[in-house]
Amino acid sequence: MAGITDSPWRQICKIWGADVVHTEFVSVDALYYDSAKSLKMIDYKPIEQPVVAQIFGKRAELYPKAAKIVEQLGIAGIDINFGCPAKKVAGHGGGICLLRDLDNVKKIVEATINSVKIPLSVKTRISLNTVKGQPEKGQITVLDFIEAIKDYPISAMIVHGRTYETPFSGPVDLEALKSARNEFKKHWPQGVFLINGSFQTVESIIEDLKYTQADGIALSRSLYGQPWLFKQIKDYLKTGSYQEISKEEIIDTAIKHSQLLWECKGESGFKEMRKHLLFYVKGHPQASELRRELVAVEKPKDVEKIMEKI
Ligand SMILES: Cc1cc2nc3c(=O)[nH]c(=O)nc-3n(C[C@H](O)[C@H](O)[C@H](O)COP(=O)(O)O)c2cc1C
């Protein structure tokens, strides 16, 4: 997730039991032209493995070089973003709008697969309208997407259960996710199918997993301020119950997170910690007082002092 899944956050997710973590998405064009900023975004620590680099872009001819750069860094896999609805990506025909040209989708997948040995996964949404603002003119769905790439060795697929037209709100379409899962398994019986979107509680996540028969879940915003969801979900699956998180664990996680962020980005990048801290104290009885202090933190010591009061 752009602006969220940097190395410190990925490490925190790993500590709490994530099986696989993804980098923020990185432009294939930027990798192709050796952008130092983009290389930094896919830099990782050994604890993050298996870490997957997510890449995006519409020019198939740039993928081989970009994919090789990722592979040479020792990254475990590549995920291609075919789902982003953001204007700066989809507005230029990238992300989810790539599905409007399924021949180009094939070219991108083929170019990537032919240039590296590491596994390839893809992320998309359940559908988009073919003509902007005119749903009556038909839709391209995840099933069309699967049909287009079915002959390539795809290792995993993440499907966000919303459409291009309902980018980040409203319920996810579990029926569409279930159909996508069934279609995926026809072509890649050994592949990993993950559902994504709007999963809030441990119980609802397990219900949706069971209903769709997906192999797992790709967690996004539901992790904000509660990376321990990974452990809770796994405990629940294993034993039928899970522990609420303790105050000490929240404090330790927030402090550890701030130390990792400081090590990774130093003083200039530390302000990014503030948004995470607001999530860590969400629901706390003194949340509004805490928020006033947390939005001013400059260094890990400040976080320690404030968090110890909670
Ligand atoms: C701030 C933000 C950044 C995101 N960045 C990415 C990204 O880089 N790559 C991606 O595949 N999805 C990205 N997404 C989409 C999420 O991965 C996810 O598909 C979406 O939020 C739905 O899941 P949720 O309802 O569980 O959050 C982003 C979402 C948000 C809110």
# chains A, B, ... in the order shown; residues from 1 in each chain; ligands from 1
$ residues_around --residues "Arg181 in chain A" --least-positions-apart "6" --cutoff "9 Å" --atoms "only C-alpha atoms" --output "ChimeraX atom specification"
/A:159,193-195,212-215
$ closest_atom_pairs --of "chain A" --to "ligand 1" --cutoff "8 Å" --atoms "only C-alpha atoms and all ligand atoms" --output "JSON lines"
{"residue": "A:Met1", "atom": "CA", "partner": "ligand 1", "partner_atom_place_in_ligand_line": "5 (N)", "distance": 3.1}
{"residue": "A:Ala2", "atom": "CA", "partner": "ligand 1", "partner_atom_place_in_ligand_line": "5 (N)", "distance": 3.9}
{"residue": "A:Gly3", "atom": "CA", "partner": "ligand 1", "partner_atom_place_in_ligand_line": "1 (C)", "distance": 6.2}
{"residue": "A:Ile4", "atom": "CA", "partner": "ligand 1", "partner_atom_place_in_ligand_line": "1 (C)", "distance": 6.6}
{"residue": "A:Thr23", "atom": "CA", "partner": "ligand 1", "partner_atom_place_in_ligand_line": "8 (O)", "distance": 7.6}
{"residue": "A:Glu24", "atom": "CA", "partner": "ligand 1", "partner_atom_place_in_ligand_line": "8 (O)", "distance": 4.6}
{"residue": "A:Phe25", "atom": "CA", "partner": "ligand 1", "partner_atom_place_in_ligand_line": "8 (O)", "distance": 4.0}
{"residue": "A:Val26", "atom": "CA", "partner": "ligand 1", "partner_atom_place_in_ligand_line": "8 (O)", "distance": 7.6}
{"residue": "A:Gln54", "atom": "CA", "partner": "ligand 1", "partner_atom_place_in_ligand_line": "9 (N)", "distance": 6.8}
{"residue": "A:Asn81", "atom": "CA", "partner": "ligand 1", "partner_atom_place_in_ligand_line": "11 (O)", "distance": 5.6}
{"residue": "A:Phe82", "atom": "CA", "partner": "ligand 1", "partner_atom_place_in_ligand_line": "11 (O)", "distance": 7.8}
{"residue": "A:Gly83", "atom": "CA", "partner": "ligand 1", "partner_atom_place_in_ligand_line": "11 (O)", "distance": 6.3}
{"residue": "A:Cys84", "atom": "CA", "partner": "ligand 1", "partner_atom_place_in_ligand_line": "12 (N)", "distance": 6.1}
{"residue": "A:Lys123", "atom": "CA", "partner": "ligand 1", "partner_atom_place_in_ligand_line": "11 (O)", "distance": 6.1}
{"residue": "A:Thr124", "atom": "CA", "partner": "ligand 1", "partner_atom_place_in_ligand_line": "11 (O)", "distance": 7.6}
{"residue": "A:Val159", "atom": "CA", "partner": "ligand 1", "partner_atom_place_in_ligand_line": "19 (O)", "distance": 7.9}
{"residue": "A:His160", "atom": "CA", "partner": "ligand 1", "partner_atom_place_in_ligand_line": "19 (O)", "distance": 5.3}
{"residue": "A:Gly161", "atom": "CA", "partner": "ligand 1", "partner_atom_place_in_ligand_line": "22 (C)", "distance": 7.8}
{"residue": "A:Arg162", "atom": "CA", "partner": "ligand 1", "partner_atom_place_in_ligand_line": "22 (C)", "distance": 7.8}
{"residue": "A:Pro167", "atom": "CA", "partner": "ligand 1", "partner_atom_place_in_ligand_line": "20 (C)", "distance": 7.9}
{"residue": "A:Phe168", "atom": "CA", "partner": "ligand 1", "partner_atom_place_in_ligand_line": "22 (C)", "distance": 6.0}
{"residue": "A:Ser169", "atom": "CA", "partner": "ligand 1", "partner_atom_place_in_ligand_line": "25 (O)", "distance": 7.3}
{"residue": "A:Asn196", "atom": "CA", "partner": "ligand 1", "partner_atom_place_in_ligand_line": "23 (O)", "distance": 5.3}
{"residue": "A:Gly197", "atom": "CA", "partner": "ligand 1", "partner_atom_place_in_ligand_line": "23 (O)", "distance": 3.3}
{"residue": "A:Ser198", "atom": "CA", "partner": "ligand 1", "partner_atom_place_in_ligand_line": "25 (O)", "distance": 3.3}
{"residue": "A:Phe199", "atom": "CA", "partner": "ligand 1", "partner_atom_place_in_ligand_line": "26 (O)", "distance": 5.4}
{"residue": "A:Gln200", "atom": "CA", "partner": "ligand 1", "partner_atom_place_in_ligand_line": "26 (O)", "distance": 7.7}
{"residue": "A:Ala218", "atom": "CA", "partner": "ligand 1", "partner_atom_place_in_ligand_line": "26 (O)", "distance": 7.5}
{"residue": "A:Leu219", "atom": "CA", "partner": "ligand 1", "partner_atom_place_in_ligand_line": "26 (O)", "distance": 5.3}
{"residue": "A:Ser220", "atom": "CA", "partner": "ligand 1", "partner_atom_place_in_ligand_line": "26 (O)", "distance": 4.2}
{"residue": "A:Arg221", "atom": "CA", "partner": "ligand 1", "partner_atom_place_in_ligand_line": "27 (O)", "distance": 3.7}
{"residue": "A:Ser222", "atom": "CA", "partner": "ligand 1", "partner_atom_place_in_ligand_line": "26 (O)", "distance": 5.4}
{"residue": "A:Leu223", "atom": "CA", "partner": "ligand 1", "partner_atom_place_in_ligand_line": "26 (O)", "distance": 8.0}
$ write_last_selection --atoms "C-alpha atoms" --output "short mmCIF file (atom, residue, chain, number, x, y, z; two decimals), in the first residue's frame"
data_model
loop_
_atom_site.label_atom_id
_atom_site.label_comp_id
_atom_site.auth_asym_id
_atom_site.auth_seq_id
_atom_site.Cartn_x
_atom_site.Cartn_y
_atom_site.Cartn_z
CA MET A 1 0.00 0.00 0.00
CA ALA A 2 1.38 3.34 -1.09
CA GLY A 3 2.47 5.42 1.89
CA ILE A 4 1.84 2.55 4.32
CA THR A 23 6.08 -3.42 -0.73
CA GLU A 24 4.36 -0.19 -1.67
CA PHE A 25 3.70 -0.27 -5.37
CA VAL A 26 6.61 0.90 -7.46
CA GLN A 54 4.45 -4.85 -6.22
CA ASN A 81 -0.91 -4.23 -9.92
CA PHE A 82 -3.96 -4.51 -12.18
CA GLY A 83 -6.28 -2.96 -9.63
CA CYS A 84 -5.31 0.58 -8.69
CA LYS A 123 -3.75 -8.14 -8.04
CA THR A 124 -7.02 -6.88 -9.47
CA VAL A 159 -8.80 -9.92 -5.78
CA HIS A 160 -10.24 -6.83 -4.14
CA GLY A 161 -13.99 -7.45 -3.88
CA ARG A 162 -14.96 -3.97 -5.12
CA PRO A 167 -13.00 2.12 -5.22
CA PHE A 168 -12.67 1.98 -1.43
CA SER A 169 -16.08 1.99 0.22
CA ASN A 196 -9.09 -8.52 -0.20
CA GLY A 197 -11.23 -5.62 0.93
CA SER A 198 -13.11 -4.32 3.92
CA PHE A 199 -12.43 -7.03 6.47
CA GLN A 200 -12.85 -5.62 9.93
CA ALA A 218 -4.68 -9.92 1.92
CA LEU A 219 -5.16 -7.44 4.74
CA SER A 220 -4.96 -3.73 4.07
CA ARG A 221 -6.69 -0.95 6.02
CA SER A 222 -8.05 -3.29 8.68
CA LEU A 223 -4.45 -3.59 9.90
#
$ select_by_dssp --residues "range 69-259 of chain A" --states "strand (DSSP E or B)" --output "ChimeraX atom specification"
/A:77-82,120-129,139-141,156-163,192-196,216-218
$ write_last_selection --atoms "N, CA and C atoms" --output "mmCIF file, in the first residue's frame"
data_model
loop_
_atom_site.group_PDB
_atom_site.id
_atom_site.type_symbol
_atom_site.label_atom_id
_atom_site.label_comp_id
_atom_site.auth_asym_id
_atom_site.auth_seq_id
_atom_site.Cartn_x
_atom_site.Cartn_y
_atom_site.Cartn_z
ATOM 1 N N GLY A 77 9.191 -12.506 -4.665
ATOM 2 C CA GLY A 77 8.204 -12.596 -5.738
ATOM 3 C C GLY A 77 7.837 -11.224 -6.261
ATOM 4 N N ILE A 78 7.158 -11.246 -7.409
ATOM 5 C CA ILE A 78 6.702 -9.991 -8.017
ATOM 6 C C ILE A 78 5.184 -10.044 -8.109
ATOM 7 N N ASP A 79 4.550 -8.937 -7.737
ATOM 8 C CA ASP A 79 3.109 -8.826 -7.886
ATOM 9 C C ASP A 79 2.849 -7.659 -8.837
ATOM 10 N N ILE A 80 2.024 -7.897 -9.853
ATOM 11 C CA ILE A 80 1.712 -6.796 -10.773
ATOM 12 C C ILE A 80 0.354 -6.217 -10.398
ATOM 13 N N ASN A 81 0.331 -4.894 -10.297
ATOM 14 C CA ASN A 81 -0.910 -4.229 -9.921
ATOM 15 C C ASN A 81 -1.800 -3.994 -11.139
ATOM 16 N N PHE A 82 -2.926 -4.720 -11.159
ATOM 17 C CA PHE A 82 -3.955 -4.507 -12.182
ATOM 18 C C PHE A 82 -5.236 -4.037 -11.488
ATOM 19 N N LEU A 120 5.321 -15.101 -9.930
ATOM 20 C CA LEU A 120 4.553 -13.910 -10.287
ATOM 21 C C LEU A 120 3.130 -14.028 -9.756
ATOM 22 N N SER A 121 2.678 -12.963 -9.105
ATOM 23 C CA SER A 121 1.272 -12.892 -8.696
ATOM 24 C C SER A 121 0.659 -11.635 -9.307
ATOM 25 N N VAL A 122 -0.669 -11.587 -9.294
ATOM 26 C CA VAL A 122 -1.361 -10.427 -9.863
ATOM 27 C C VAL A 122 -2.444 -9.970 -8.892
ATOM 28 N N LYS A 123 -2.674 -8.671 -8.894
ATOM 29 C CA LYS A 123 -3.749 -8.142 -8.041
ATOM 30 C C LYS A 123 -4.733 -7.375 -8.914
ATOM 31 N N THR A 124 -6.025 -7.616 -8.693
ATOM 32 C CA THR A 124 -7.017 -6.882 -9.467
ATOM 33 C C THR A 124 -8.282 -6.664 -8.644
ATOM 34 N N ARG A 125 -9.309 -6.154 -9.302
ATOM 35 C CA ARG A 125 -10.628 -5.941 -8.675
ATOM 36 C C ARG A 125 -11.651 -6.812 -9.383
ATOM 37 N N ILE A 126 -12.883 -6.825 -8.860
ATOM 38 C CA ILE A 126 -13.873 -7.723 -9.466
ATOM 39 C C ILE A 126 -14.364 -7.246 -10.832
ATOM 40 N N SER A 127 -14.351 -5.924 -11.086
ATOM 41 C CA SER A 127 -14.791 -5.477 -12.420
ATOM 42 C C SER A 127 -14.536 -3.986 -12.631
ATOM 43 N N LEU A 128 -14.661 -3.599 -13.881
ATOM 44 C CA LEU A 128 -14.747 -2.171 -14.220
ATOM 45 C C LEU A 128 -15.641 -2.029 -15.444
ATOM 46 N N ASN A 129 -16.258 -0.863 -15.548
ATOM 47 C CA ASN A 129 -17.090 -0.610 -16.731
ATOM 48 C C ASN A 129 -16.196 -0.394 -17.942
ATOM 49 N N GLN A 139 -19.253 -4.620 -18.852
ATOM 50 C CA GLN A 139 -18.183 -4.621 -17.848
ATOM 51 C C GLN A 139 -17.086 -5.586 -18.272
ATOM 52 N N ILE A 140 -15.889 -5.318 -17.792
ATOM 53 C CA ILE A 140 -14.835 -6.336 -17.864
ATOM 54 C C ILE A 140 -14.706 -6.837 -16.436
ATOM 55 N N THR A 141 -14.705 -8.143 -16.268
ATOM 56 C CA THR A 141 -14.666 -8.676 -14.913
ATOM 57 C C THR A 141 -13.362 -9.428 -14.674
ATOM 58 N N ALA A 156 -0.059 -16.697 -7.710
ATOM 59 C CA ALA A 156 -1.079 -16.235 -6.756
ATOM 60 C C ALA A 156 -1.861 -15.080 -7.350
ATOM 61 N N MET A 157 -3.073 -14.927 -6.824
ATOM 62 C CA MET A 157 -3.906 -13.808 -7.273
ATOM 63 C C MET A 157 -4.608 -13.197 -6.059
ATOM 64 N N ILE A 158 -4.576 -11.873 -6.008
ATOM 65 C CA ILE A 158 -5.321 -11.170 -4.956
ATOM 66 C C ILE A 158 -6.460 -10.438 -5.651
ATOM 67 N N VAL A 159 -7.680 -10.652 -5.173
ATOM 68 C CA VAL A 159 -8.804 -9.923 -5.779
ATOM 69 C C VAL A 159 -9.493 -9.064 -4.719
ATOM 70 N N HIS A 160 -9.515 -7.774 -4.993
ATOM 71 C CA HIS A 160 -10.237 -6.831 -4.137
ATOM 72 C C HIS A 160 -11.713 -6.902 -4.553
ATOM 73 N N GLY A 161 -12.584 -7.195 -3.577
ATOM 74 C CA GLY A 161 -13.992 -7.449 -3.884
ATOM 75 C C GLY A 161 -14.820 -6.214 -4.157
ATOM 76 N N ARG A 162 -14.210 -5.166 -4.692
ATOM 77 C CA ARG A 162 -14.955 -3.973 -5.116
ATOM 78 C C ARG A 162 -14.613 -3.682 -6.578
ATOM 79 N N THR A 163 -15.394 -2.772 -7.163
ATOM 80 C CA THR A 163 -15.197 -2.441 -8.574
ATOM 81 C C THR A 163 -14.369 -1.154 -8.698
ATOM 82 N N VAL A 192 -2.289 -19.807 -5.239
ATOM 83 C CA VAL A 192 -2.850 -19.250 -3.999
ATOM 84 C C VAL A 192 -3.823 -18.128 -4.355
ATOM 85 N N PHE A 193 -5.062 -18.268 -3.878
ATOM 86 C CA PHE A 193 -6.069 -17.247 -4.157
ATOM 87 C C PHE A 193 -6.398 -16.488 -2.872
ATOM 88 N N LEU A 194 -6.209 -15.174 -2.920
ATOM 89 C CA LEU A 194 -6.436 -14.354 -1.718
ATOM 90 C C LEU A 194 -7.535 -13.331 -1.956
ATOM 91 N N ILE A 195 -8.418 -13.217 -0.985
ATOM 92 C CA ILE A 195 -9.451 -12.174 -1.081
ATOM 93 C C ILE A 195 -8.945 -10.915 -0.388
ATOM 94 N N ASN A 196 -9.522 -9.792 -0.774
ATOM 95 C CA ASN A 196 -9.094 -8.518 -0.199
ATOM 96 C C ASN A 196 -10.263 -7.538 -0.172
ATOM 97 N N GLY A 216 -6.596 -17.556 1.495
ATOM 98 C CA GLY A 216 -6.165 -16.616 2.533
ATOM 99 C C GLY A 216 -6.689 -15.238 2.243
ATOM 100 N N ILE A 217 -6.178 -14.325 3.026
ATOM 101 C CA ILE A 217 -6.674 -12.966 2.935
ATOM 102 C C ILE A 217 -5.508 -11.985 2.846
ATOM 103 N N ALA A 218 -5.667 -10.999 1.988
ATOM 104 C CA ALA A 218 -4.675 -9.923 1.922
ATOM 105 C C ALA A 218 -5.244 -8.764 2.726
#
$ residues_around --residues "Ala36 in chain A" --least-positions-apart "6" --cutoff "12 Å" --atoms "only C-alpha atoms" --output "list in words"
Val26, Ser27, Ala30, Ile42 and Asp43 of chain A
$ write_last_selection --atoms "C-alpha atoms" --output "compact mmCIF listing (two decimals), in the first residue's frame"
# COMPACT_ATOMS: atom_id res chain seq x y z
CA VAL A 26 6.61 0.90 -7.46
CA SER A 27 6.44 2.21 -11.00
CA ALA A 30 10.84 4.41 -12.42
CA ILE A 42 11.75 -2.03 -2.36
CA ASP A 43 14.72 -2.24 -0.01
$ closest_residue --among "A:Asp173, A:Asp101, A:Asp19, A:Asp144" --to "Ile47 in chain A" --atoms "only C-alpha atoms"
A:Asp19
$ atom_distance --atom1 "CA of Ala148 in chain A" --atom2 "CA of Trp188 in chain A"
13.5 Å
$ decode --residues "range 204-258 of chain A" --atoms "C-alpha atoms" --output "short mmCIF file (atom, residue, chain, number, x, y, z; two decimals), in the first residue's frame"
data_model
loop_
_atom_site.label_atom_id
_atom_site.label_comp_id
_atom_site.auth_asym_id
_atom_site.auth_seq_id
_atom_site.Cartn_x
_atom_site.Cartn_y
_atom_site.Cartn_z
CA SER A 204 -15.88 -11.59 9.80
CA ILE A 205 -12.57 -12.42 8.16
CA ILE A 206 -12.93 -16.13 8.99
CA GLU A 207 -16.55 -16.14 7.79
CA ASP A 208 -15.59 -14.56 4.47
CA LEU A 209 -12.67 -16.93 4.02
CA LYS A 210 -14.94 -19.89 4.60
CA TYR A 211 -17.66 -18.55 2.32
CA THR A 212 -15.36 -17.82 -0.61
CA GLN A 213 -13.09 -20.84 0.03
CA ALA A 214 -10.12 -18.59 -0.60
CA ASP A 215 -6.68 -19.75 0.52
CA GLY A 216 -6.16 -16.62 2.53
CA ILE A 217 -6.67 -12.97 2.94
CA ALA A 218 -4.68 -9.92 1.92
CA LEU A 219 -5.16 -7.44 4.74
CA SER A 220 -4.96 -3.73 4.07
CA ARG A 221 -6.69 -0.95 6.02
CA SER A 222 -8.05 -3.29 8.68
CA LEU A 223 -4.45 -3.59 9.90
CA TYR A 224 -4.14 0.11 10.67
CA GLY A 225 -3.15 0.31 14.33
CA GLN A 226 -3.72 -3.42 14.87
CA PRO A 227 -1.01 -5.51 13.17
CA TRP A 228 -1.74 -8.24 15.74
CA LEU A 229 -4.76 -9.18 13.59
CA PHE A 230 -2.45 -11.71 11.90
CA LYS A 231 -1.85 -13.55 15.15
CA GLN A 232 -5.47 -13.32 16.23
CA ILE A 233 -6.72 -14.74 12.92
CA LYS A 234 -4.21 -17.59 13.03
CA ASP A 235 -5.02 -18.38 16.67
CA TYR A 236 -8.73 -18.40 15.87
CA LEU A 237 -8.23 -20.71 12.90
CA LYS A 238 -6.10 -23.06 14.98
CA THR A 239 -7.97 -23.09 18.29
CA GLY A 240 -11.36 -21.43 17.74
CA SER A 241 -10.46 -18.49 19.99
CA TYR A 242 -8.00 -15.62 20.30
CA GLN A 243 -6.73 -13.23 22.95
CA GLU A 244 -7.54 -9.54 23.06
CA ILE A 245 -4.39 -7.49 22.79
CA SER A 246 -2.95 -6.18 26.06
CA LYS A 247 -2.05 -2.55 26.76
CA GLU A 248 1.60 -3.57 27.14
CA GLU A 249 1.62 -5.20 23.71
CA ILE A 250 0.13 -2.09 22.11
CA ILE A 251 2.77 0.10 23.77
CA ASP A 252 5.63 -2.26 22.83
CA THR A 253 4.44 -2.47 19.22
CA ALA A 254 4.11 1.30 18.82
CA ILE A 255 7.56 1.86 20.34
CA LYS A 256 9.19 -0.87 18.24
CA HIS A 257 7.50 0.54 15.13
CA SER A 258 8.82 4.02 15.85
#
